[in-house]
file final32.tsv (TSV, C-alpha atoms)
chain	number	residue	atom	x	y	z
A	1	MET	CA	-199.10	112.51	-113.12
A	2	GLN	CA	-197.92	115.90	-114.24
A	3	GLN	CA	-194.74	117.17	-115.87
A	4	GLN	CA	-193.46	120.66	-115.26
A	5	THR	CA	-192.61	123.03	-118.07
A	6	GLY	CA	-191.05	126.35	-117.30
A	7	GLY	CA	-189.88	127.88	-114.07
A	8	ALA	CA	-186.65	127.32	-112.17
A	9	HIS	CA	-185.60	127.23	-108.54
A	10	PRO	CA	-182.42	126.55	-106.57
A	11	ARG	CA	-181.86	122.79	-106.30
A	12	PRO	CA	-181.84	121.53	-102.69
A	13	ARG	CA	-179.27	118.87	-101.89
A	14	ILE	CA	-181.87	116.12	-101.61
A	15	GLU	CA	-182.86	116.71	-105.25
A	16	THR	CA	-179.25	116.29	-106.30
A	17	LEU	CA	-179.08	113.09	-104.25
A	18	ALA	CA	-182.32	111.92	-105.87
A	19	ASP	CA	-180.89	112.43	-109.36
A	20	LEU	CA	-177.84	110.40	-108.31
A	21	ILE	CA	-179.93	107.53	-106.96
A	22	PHE	CA	-182.20	107.43	-110.01
A	23	GLY	CA	-179.12	107.45	-112.24
A	24	LEU	CA	-177.41	104.70	-110.24
A	25	SER	CA	-180.54	102.56	-110.38
A	26	LEU	CA	-180.56	102.84	-114.17
A	27	SER	CA	-176.84	102.01	-114.29
A	28	ILE	CA	-177.29	98.96	-112.08
A	29	GLY	CA	-179.99	97.71	-114.43
A	30	SER	CA	-177.64	97.92	-117.41
A	31	ILE	CA	-174.79	96.31	-115.47
A	32	ALA	CA	-177.09	93.39	-114.66
A	33	LEU	CA	-177.46	92.77	-118.41
A	34	ILE	CA	-173.67	92.59	-118.83
A	35	ALA	CA	-173.29	90.34	-115.78
A	36	ASN	CA	-175.75	87.79	-117.19
A	37	PRO	CA	-174.61	86.90	-120.72
A	38	PRO	CA	-177.44	85.43	-122.81
A	39	LYS	CA	-177.51	81.73	-123.62
A	40	SER	CA	-179.78	82.14	-126.65
A	41	THR	CA	-181.12	84.78	-129.01
A	42	GLY	CA	-184.43	84.63	-127.16
A	43	GLU	CA	-182.71	85.63	-123.92
A	44	ILE	CA	-181.26	88.71	-125.60
A	45	THR	CA	-184.76	89.94	-126.42
A	46	THR	CA	-186.05	89.04	-122.96
A	47	HIS	CA	-183.22	90.85	-121.20
A	48	ILE	CA	-183.65	93.98	-123.32
A	49	LEU	CA	-187.40	94.07	-122.68
A	50	ALA	CA	-186.83	93.61	-118.95
A	51	PHE	CA	-184.32	96.46	-118.91
A	52	ALA	CA	-186.66	98.66	-120.96
A	53	TYR	CA	-189.38	98.11	-118.37
A	54	THR	CA	-186.98	99.02	-115.55
A	55	PHE	CA	-185.92	102.10	-117.50
A	56	PHE	CA	-189.46	103.34	-118.04
A	57	VAL	CA	-190.45	102.72	-114.41
A	58	LEU	CA	-187.51	104.76	-113.16
A	59	ILE	CA	-187.66	107.54	-115.74
A	60	THR	CA	-191.43	107.98	-115.26
A	61	ALA	CA	-191.05	108.17	-111.49
A	62	TRP	CA	-188.20	110.66	-111.93
A	63	LEU	CA	-190.23	112.92	-114.23
A	64	ILE	CA	-193.11	113.04	-111.78
A	65	TYR	CA	-190.81	113.41	-108.78
A	66	THR	CA	-188.89	116.37	-110.23
A	67	THR	CA	-192.16	118.05	-111.08
A	68	TYR	CA	-193.45	117.79	-107.53
A	69	MET	CA	-190.16	118.80	-105.95
A	70	SER	CA	-190.24	122.05	-107.95
A	71	VAL	CA	-193.07	123.31	-105.75
A	72	LEU	CA	-192.93	121.25	-102.54
A	73	PRO	CA	-191.36	122.76	-99.40
A	74	ILE	CA	-188.64	120.11	-99.06
A	75	GLU	CA	-187.43	121.35	-95.68
A	76	THR	CA	-190.56	120.07	-93.88
A	77	ARG	CA	-190.19	116.92	-91.80
A	78	THR	CA	-192.93	114.98	-93.59
A	79	VAL	CA	-191.64	115.72	-97.09
A	80	THR	CA	-188.08	114.87	-96.04
A	81	PHE	CA	-189.22	111.55	-94.55
A	82	LEU	CA	-191.21	110.69	-97.68
A	83	ASN	CA	-188.23	111.63	-99.86
A	84	VAL	CA	-185.98	109.21	-97.98
A	85	GLY	CA	-188.59	106.44	-98.28
A	86	LEU	CA	-189.08	107.09	-102.00
A	87	LEU	CA	-185.35	107.01	-102.74
A	88	LEU	CA	-184.96	103.73	-100.83
A	89	LEU	CA	-187.76	102.17	-102.88
A	90	VAL	CA	-186.23	103.48	-106.10
A	91	ALA	CA	-182.78	102.13	-105.20
A	92	ILE	CA	-183.98	98.53	-104.86
A	93	VAL	CA	-186.06	98.45	-108.07
A	94	PRO	CA	-183.28	96.90	-110.25
A	95	TYR	CA	-182.46	94.25	-107.64
A	96	LEU	CA	-186.06	93.10	-107.29
A	97	LEU	CA	-186.72	93.04	-111.03
A	98	ASN	CA	-183.49	91.15	-111.60
A	99	GLY	CA	-184.76	88.51	-109.17
A	100	VAL	CA	-187.90	88.14	-111.27
A	101	GLU	CA	-186.20	88.04	-114.66
A	102	VAL	CA	-182.89	86.19	-114.08
A	103	ALA	CA	-182.89	82.59	-112.84
A	104	SER	CA	-179.87	80.77	-111.43
A	105	PRO	CA	-179.09	77.59	-113.41
A	106	ALA	CA	-178.12	75.88	-110.14
A	107	LEU	CA	-181.72	75.93	-108.91
A	108	THR	CA	-184.55	73.55	-109.66
A	109	PRO	CA	-187.62	74.85	-111.55
A	110	ALA	CA	-189.60	74.80	-108.31
A	111	GLU	CA	-186.95	76.87	-106.52
A	112	VAL	CA	-186.76	79.33	-109.41
A	113	SER	CA	-190.53	79.78	-109.36
A	114	MET	CA	-190.50	80.33	-105.59
A	115	ILE	CA	-187.80	83.01	-105.81
A	116	GLN	CA	-189.42	84.74	-108.78
A	117	ASN	CA	-192.77	84.71	-106.99
A	118	TYR	CA	-191.27	86.27	-103.85
A	119	SER	CA	-189.24	88.85	-105.80
A	120	SER	CA	-192.30	89.82	-107.81
A	121	GLN	CA	-194.35	90.25	-104.63
A	122	LEU	CA	-191.68	92.52	-103.16
A	123	PHE	CA	-191.51	94.52	-106.39
A	124	ALA	CA	-195.30	94.95	-106.39
A	125	LEU	CA	-195.04	96.32	-102.85
A	126	ASP	CA	-192.12	98.52	-103.92
A	127	LEU	CA	-193.91	99.97	-106.96
A	128	GLY	CA	-197.10	100.43	-104.97
A	129	GLY	CA	-195.12	102.29	-102.31
A	130	ILE	CA	-193.55	104.59	-104.91
A	131	LEU	CA	-196.98	105.41	-106.31
A	132	MET	CA	-198.44	106.05	-102.85
A	133	ILE	CA	-195.62	108.45	-101.95
A	134	LEU	CA	-196.02	110.32	-105.24
A	135	ALA	CA	-199.77	110.48	-104.62
A	136	THR	CA	-199.06	111.94	-101.17
A	137	PHE	CA	-196.82	114.61	-102.72
A	138	ALA	CA	-199.62	115.48	-105.17
A	139	HIS	CA	-202.08	115.66	-102.26
A	140	VAL	CA	-199.89	118.11	-100.34
A	141	ILE	CA	-199.55	120.29	-103.44
A	142	SER	CA	-203.31	120.20	-104.07
A	143	LEU	CA	-204.20	121.63	-100.66
A	144	GLU	CA	-205.55	125.06	-101.47
A	145	GLU	CA	-204.70	126.52	-98.07
A	146	LYS	CA	-200.99	125.83	-98.69
A	147	ARG	CA	-201.06	127.87	-101.92
A	148	LEU	CA	-198.16	125.98	-103.43
A	149	VAL	CA	-199.56	126.36	-106.95
A	150	ALA	CA	-201.99	128.69	-108.67
A	151	PRO	CA	-205.68	127.93	-107.90
A	152	GLU	CA	-206.36	126.84	-111.48
A	153	LEU	CA	-203.70	124.14	-111.16
A	154	VAL	CA	-205.07	122.53	-108.01
A	155	THR	CA	-207.44	120.29	-109.99
A	156	LEU	CA	-204.56	118.90	-112.04
A	157	PHE	CA	-202.76	117.77	-108.90
A	158	ARG	CA	-205.92	116.37	-107.35
A	159	ASN	CA	-206.56	114.32	-110.46
A	160	GLY	CA	-202.95	113.13	-110.41
A	161	ARG	CA	-203.30	112.19	-106.74
A	162	ASN	CA	-206.48	110.20	-107.36
A	163	ARG	CA	-205.06	108.49	-110.43
A	164	MET	CA	-201.87	107.40	-108.68
A	165	ALA	CA	-203.78	106.24	-105.60
A	166	VAL	CA	-205.94	103.96	-107.75
A	167	LEU	CA	-202.89	102.64	-109.61
A	168	ALA	CA	-201.10	102.04	-106.31
A	169	VAL	CA	-204.03	99.97	-105.00
A	170	LEU	CA	-204.13	97.96	-108.24
A	171	THR	CA	-200.40	97.28	-107.98
A	172	LEU	CA	-200.63	96.27	-104.32
A	173	ILE	CA	-203.52	93.92	-105.07
A	174	SER	CA	-201.23	92.04	-107.46
A	175	VAL	CA	-199.28	90.78	-104.42
A	176	ALA	CA	-202.02	88.18	-103.87
A	177	PRO	CA	-200.67	84.64	-104.59
A	178	GLN	CA	-203.41	83.98	-107.15
A	179	PHE	CA	-201.98	86.57	-109.51
A	180	TRP	CA	-198.78	84.53	-109.76
A	181	GLU	CA	-200.63	81.27	-110.28
A	182	TRP	CA	-202.99	82.66	-112.92
A	183	THR	CA	-201.26	83.12	-116.28
A	184	LEU	CA	-201.90	84.62	-119.69
A	185	LEU	CA	-199.70	83.44	-122.56
A	186	SER	CA	-197.58	81.63	-119.95
A	187	VAL	CA	-196.92	84.92	-118.12
A	188	PRO	CA	-198.25	85.44	-114.56
A	189	ILE	CA	-201.12	87.94	-114.38
A	190	ARG	CA	-199.17	89.80	-111.69
A	191	LEU	CA	-196.66	91.02	-114.26
A	192	TYR	CA	-199.42	92.45	-116.48
A	193	LEU	CA	-200.75	94.47	-113.53
A	194	TRP	CA	-197.44	96.36	-113.38
A	195	TYR	CA	-198.04	98.06	-116.75
A	196	PRO	CA	-201.09	100.30	-116.05
A	197	PRO	CA	-199.01	103.00	-114.23
A	198	LEU	CA	-196.74	103.38	-117.26
A	199	ILE	CA	-199.62	103.25	-119.72
A	200	SER	CA	-201.56	105.82	-117.70
A	201	TYR	CA	-198.70	108.33	-117.72
A	202	TRP	CA	-197.41	108.01	-121.28
A	203	VAL	CA	-200.77	107.55	-123.02
A	204	GLY	CA	-202.23	110.39	-120.95
A	205	ARG	CA	-199.25	112.57	-121.85
A	206	ALA	CA	-199.78	111.85	-125.56
A	207	VAL	CA	-203.58	112.15	-125.61
A	208	ARG	CA	-204.12	114.88	-123.01
A	209	PRO	CA	-200.83	116.70	-122.44
A	210	ASP	CA	-202.65	119.38	-120.44
A	211	SER	CA	-203.36	116.76	-117.74
A	212	ARG	CA	-199.65	115.98	-117.36
A	213	THR	CA	-198.15	119.45	-117.75
A	214	TYR	CA	-198.42	122.79	-116.05
A	215	LYS	CA	-196.67	126.12	-115.83
A	216	LEU	CA	-195.61	127.66	-112.54
A	217	ALA	CA	-197.51	130.81	-111.71
call {"tool": "encode", "arguments": {"input": "final32.tsv", "output": "structure tokens"}}
result
Amino acid sequence: MQQQTGGAHPRPRIETLADLIFGLSLSIGSIALIANPPKSTGEITTHILAFAYTFFVLITAWLIYTTYMSVLPIETRTVTFLNVGLLLLVAIVPYLLNGVEVASPALTPAEVSMIQNYSSQLFALDLGGILMILATFAHVISLEEKRLVAPELVTLFRNGRNRMAVLAVLTLISVAPQFWEWTLLSVPIRLYLWYPPLISYWVGRAVRPDSRTYKLA
């Protein structure tokens, strides 16, 4: 996952739309906190942590997305199609995570668990889809014959592609029912498998910034 530094280009309309959708998704996440007043001090902490996770998922995806869009030929049919798919997946992130984190008091514990299980499966598919699309963008950029970036930068995008593909597979594997049944500290294992993409980007950015940054030639 790379982050661009330097360089500027005219912003196509789809990039402006993307910024709007990412921003709305973040806003919806904060509105969900207001719409569900806490019943205890513990819920306040839980809701803030859940929102923080949503925030970091969206902001990380946005950072990578804007980097790739700075060099991708957006007018191509494939890139346009993938853009639409990515923005759809981004738009439903807050809804799916809200279904995992917020339980209706009118439901029985069994019904709550069933809904949270289903919502978490859909979110795993959603996050995996986002990662796969970003990996596809990185793959297109890494094709040397397209000459979208300087030759010395191709390896950075190939590494980003491979890294996100592996993380996407790991996230998609978490859809398996066993990962909801197996728990650690009373938390389903599935939820822990959602953290590696964030850890990979932010730790990699701190430890090896050259693997997450580049300058346009």
call {"tool": "atom_distance", "arguments": {"input": "final32.tsv", "atom1": "CA of Arg208 in chain A", "atom2": "CA of Leu156 in chain A"}}
result
11.7 Å
call {"tool": "closest_atom_pairs", "arguments": {"input": "final32.tsv", "of": "range 16-55 of chain A", "to": "range 190-206 of chain A", "cutoff": "12 Å", "atoms": "only C-alpha atoms", "output": "Markdown table"}}
result
| residue | atom | partner | partner_atom | distance |
| --- | --- | --- | --- | --- |
| A:Ala50 | CA | A:Leu191 | CA | 11.2 |
| A:Ala52 | CA | A:Leu198 | CA | 11.7 |
| A:Tyr53 | CA | A:Tyr195 | CA | 8.8 |
| A:Thr54 | CA | A:Leu198 | CA | 10.8 |
| A:Phe55 | CA | A:Leu198 | CA | 10.9 |
call {"tool": "closest_residue", "arguments": {"input": "final32.tsv", "among": "A:Ala91, A:Ile189, A:Val71, A:Gly85", "to": "Gly23 in chain A", "atoms": "all atoms listed in the file"}}
result
A:Ala91
call {"tool": "atom_distance", "arguments": {"input": "final32.tsv", "atom1": "CA of Ser142 in chain A", "atom2": "CA of Thr66 in chain A"}}
result
16.1 Å
call {"tool": "residues_around", "arguments": {"input": "final32.tsv", "residues": "Ala124 in chain A", "least_positions_apart": "4", "cutoff": "6 Å", "atoms": "only C-alpha atoms", "output": "MDAnalysis selection string"}}
result
chainID A and resid 128 171:172
call {"tool": "write_last_selection", "arguments": {"input": "final32.tsv", "atoms": "C-alpha atoms", "output": "CSV table (one decimal), in the frame of the given file"}}
result
chain,number,residue,atom,x,y,z
A,128,GLY,CA,-197.1,100.4,-105.0
A,171,THR,CA,-200.4,97.3,-108.0
A,172,LEU,CA,-200.6,96.3,-104.3
call {"tool": "residues_around", "arguments": {"input": "final32.tsv", "residues": "Ser27 in chain A", "least_positions_apart": "4", "cutoff": "12 Å", "atoms": "only C-alpha atoms", "output": "JSON list (two decimals) with C-alpha atoms, keeping the file's coordinate frame"}}
result
[["chain", "number", "residue", "atom", "x", "y", "z"],
["A", 20, "LEU", "CA", -177.84, 110.40, -108.31],
["A", 21, "ILE", "CA", -179.93, 107.53, -106.96],
["A", 22, "PHE", "CA", -182.20, 107.43, -110.01],
["A", 23, "GLY", "CA", -179.12, 107.45, -112.24],
["A", 31, "ILE", "CA", -174.79, 96.31, -115.47],
["A", 32, "ALA", "CA", -177.09, 93.39, -114.66],
["A", 33, "LEU", "CA", -177.46, 92.77, -118.41],
["A", 34, "ILE", "CA", -173.67, 92.59, -118.83],
["A", 51, "PHE", "CA", -184.32, 96.46, -118.91],
["A", 54, "THR", "CA", -186.98, 99.02, -115.55],
["A", 55, "PHE", "CA", -185.92, 102.10, -117.50],
["A", 58, "LEU", "CA", -187.51, 104.76, -113.16],
["A", 91, "ALA", "CA", -182.78, 102.13, -105.20],
["A", 93, "VAL", "CA", -186.06, 98.45, -108.07],
["A", 94, "PRO", "CA", -183.28, 96.90, -110.25],
["A", 95, "TYR", "CA", -182.46, 94.25, -107.64]]
call {"tool": "atom_distance", "arguments": {"input": "final32.tsv", "atom1": "CA of Glu43 in chain A", "atom2": "CA of Glu101 in chain A"}}
result
10.2 Å
call {"tool": "closest_residue", "arguments": {"input": "final32.tsv", "among": "A:Leu72, A:Met132, A:Asn83, A:Asn117", "to": "Pro188 in chain A", "atoms": "all atoms listed in the file"}}
result
A:Asn117
call {"tool": "residues_around", "arguments": {"input": "final32.tsv", "residues": "Asn36 in chain A", "least_positions_apart": "6", "cutoff": "10 Å", "atoms": "only C-alpha atoms", "output": "VMD selection string"}}
result
chain A and resid 43 47 102 to 104
call {"tool": "closest_residue", "arguments": {"input": "final32.tsv", "among": "A:Ala176, A:Leu89, A:Leu49, A:Ala138", "to": "Gln121 in chain A", "atoms": "all atoms listed in the file"}}
result
A:Ala176
call {"tool": "closest_residue", "arguments": {"input": "final32.tsv", "among": "A:Thr78, A:Ser174, A:Ser186, A:Thr46", "to": "Leu127 in chain A", "atoms": "all atoms listed in the file"}}
result
A:Ser174
call {"tool": "closest_residue", "arguments": {"input": "final32.tsv", "among": "A:Pro38, A:Arg158, A:Ala168, A:Gly129", "to": "Leu143 in chain A", "atoms": "all atoms listed in the file"}}
result
A:Arg158
call {"tool": "closest_residue", "arguments": {"input": "final32.tsv", "among": "A:Val79, A:Leu148, A:Ile173, A:Val187", "to": "Ile133 in chain A", "atoms": "only C-alpha atoms"}}
result
A:Val79
call {"tool": "build_atoms", "arguments": {"input": "final32.tsv", "residues": "range 152-186 of chain A", "atoms": "N, CA and C atoms", "output": "short mmCIF file (atom, residue, chain, number, x, y, z; two decimals), in the coordinates of the input"}}
result
data_model
loop_
_atom_site.label_atom_id
_atom_site.label_comp_id
_atom_site.auth_asym_id
_atom_site.auth_seq_id
_atom_site.Cartn_x
_atom_site.Cartn_y
_atom_site.Cartn_z
N GLU A 152 -205.90 127.58 -110.30
CA GLU A 152 -206.36 126.84 -111.48
C GLU A 152 -205.60 125.54 -111.71
N LEU A 153 -204.49 125.36 -111.00
CA LEU A 153 -203.70 124.14 -111.16
C LEU A 153 -204.03 123.08 -110.12
N VAL A 154 -204.78 123.46 -109.10
CA VAL A 154 -205.07 122.53 -108.01
C VAL A 154 -205.77 121.27 -108.52
N THR A 155 -206.70 121.44 -109.46
CA THR A 155 -207.44 120.29 -109.99
C THR A 155 -206.52 119.30 -110.67
N LEU A 156 -205.51 119.80 -111.38
CA LEU A 156 -204.56 118.90 -112.04
C LEU A 156 -203.87 117.99 -111.03
N PHE A 157 -203.46 118.55 -109.91
CA PHE A 157 -202.76 117.77 -108.90
C PHE A 157 -203.71 116.83 -108.16
N ARG A 158 -204.94 117.27 -107.97
CA ARG A 158 -205.92 116.37 -107.35
C ARG A 158 -206.20 115.17 -108.24
N ASN A 159 -206.34 115.43 -109.53
CA ASN A 159 -206.56 114.32 -110.46
C ASN A 159 -205.36 113.38 -110.47
N GLY A 160 -204.15 113.95 -110.45
CA GLY A 160 -202.95 113.13 -110.41
C GLY A 160 -202.89 112.29 -109.14
N ARG A 161 -203.26 112.92 -108.02
CA ARG A 161 -203.30 112.19 -106.74
C ARG A 161 -204.26 111.02 -106.80
N ASN A 162 -205.47 111.26 -107.29
CA ASN A 162 -206.48 110.20 -107.36
C ASN A 162 -206.05 109.09 -108.30
N ARG A 163 -205.49 109.47 -109.44
CA ARG A 163 -205.06 108.49 -110.43
C ARG A 163 -203.95 107.59 -109.86
N MET A 164 -202.97 108.20 -109.22
CA MET A 164 -201.87 107.40 -108.68
C MET A 164 -202.30 106.55 -107.49
N ALA A 165 -203.26 107.03 -106.71
CA ALA A 165 -203.78 106.24 -105.60
C ALA A 165 -204.46 104.98 -106.10
N VAL A 166 -205.26 105.12 -107.16
CA VAL A 166 -205.94 103.96 -107.75
C VAL A 166 -204.91 102.98 -108.32
N LEU A 167 -203.92 103.50 -109.02
CA LEU A 167 -202.89 102.64 -109.61
C LEU A 167 -202.07 101.95 -108.53
N ALA A 168 -201.84 102.64 -107.42
CA ALA A 168 -201.10 102.04 -106.31
C ALA A 168 -201.89 100.87 -105.73
N VAL A 169 -203.19 101.05 -105.53
CA VAL A 169 -204.03 99.97 -105.00
C VAL A 169 -204.02 98.78 -105.95
N LEU A 170 -204.15 99.03 -107.25
CA LEU A 170 -204.13 97.96 -108.24
C LEU A 170 -202.81 97.19 -108.18
N THR A 171 -201.71 97.92 -108.05
CA THR A 171 -200.40 97.28 -107.98
C THR A 171 -200.26 96.46 -106.70
N LEU A 172 -200.73 96.98 -105.59
CA LEU A 172 -200.63 96.27 -104.32
C LEU A 172 -201.51 95.03 -104.30
N ILE A 173 -202.64 95.09 -104.98
CA ILE A 173 -203.52 93.92 -105.07
C ILE A 173 -202.82 92.76 -105.76
N SER A 174 -201.92 93.08 -106.70
CA SER A 174 -201.23 92.04 -107.46
C SER A 174 -200.32 91.17 -106.59
N VAL A 175 -200.09 91.58 -105.34
CA VAL A 175 -199.28 90.78 -104.42
C VAL A 175 -199.96 89.45 -104.09
N ALA A 176 -201.27 89.40 -104.20
CA ALA A 176 -202.02 88.18 -103.87
C ALA A 176 -201.46 86.98 -104.63
N PRO A 177 -201.27 85.83 -103.96
CA PRO A 177 -200.67 84.64 -104.59
C PRO A 177 -201.36 84.21 -105.88
N GLN A 178 -202.67 84.42 -105.96
CA GLN A 178 -203.41 83.98 -107.15
C GLN A 178 -202.90 84.64 -108.42
N PHE A 179 -202.42 85.85 -108.32
CA PHE A 179 -201.98 86.57 -109.51
C PHE A 179 -200.64 86.04 -110.03
N TRP A 180 -199.97 85.23 -109.25
CA TRP A 180 -198.78 84.53 -109.76
C TRP A 180 -199.17 83.19 -110.37
N GLU A 181 -200.18 82.57 -109.80
CA GLU A 181 -200.63 81.27 -110.28
C GLU A 181 -201.42 81.39 -111.58
N TRP A 182 -202.23 82.44 -111.70
CA TRP A 182 -202.99 82.66 -112.92
C TRP A 182 -202.06 83.22 -113.99
N THR A 183 -202.15 82.67 -115.21
CA THR A 183 -201.26 83.12 -116.28
C THR A 183 -202.03 83.48 -117.54
N LEU A 184 -201.39 84.28 -118.37
CA LEU A 184 -201.90 84.62 -119.69
C LEU A 184 -200.72 84.55 -120.65
N LEU A 185 -200.81 83.67 -121.64
CA LEU A 185 -199.70 83.44 -122.56
C LEU A 185 -198.44 83.02 -121.80
N SER A 186 -198.66 82.18 -120.79
CA SER A 186 -197.58 81.63 -119.95
C SER A 186 -196.88 82.68 -119.08
#
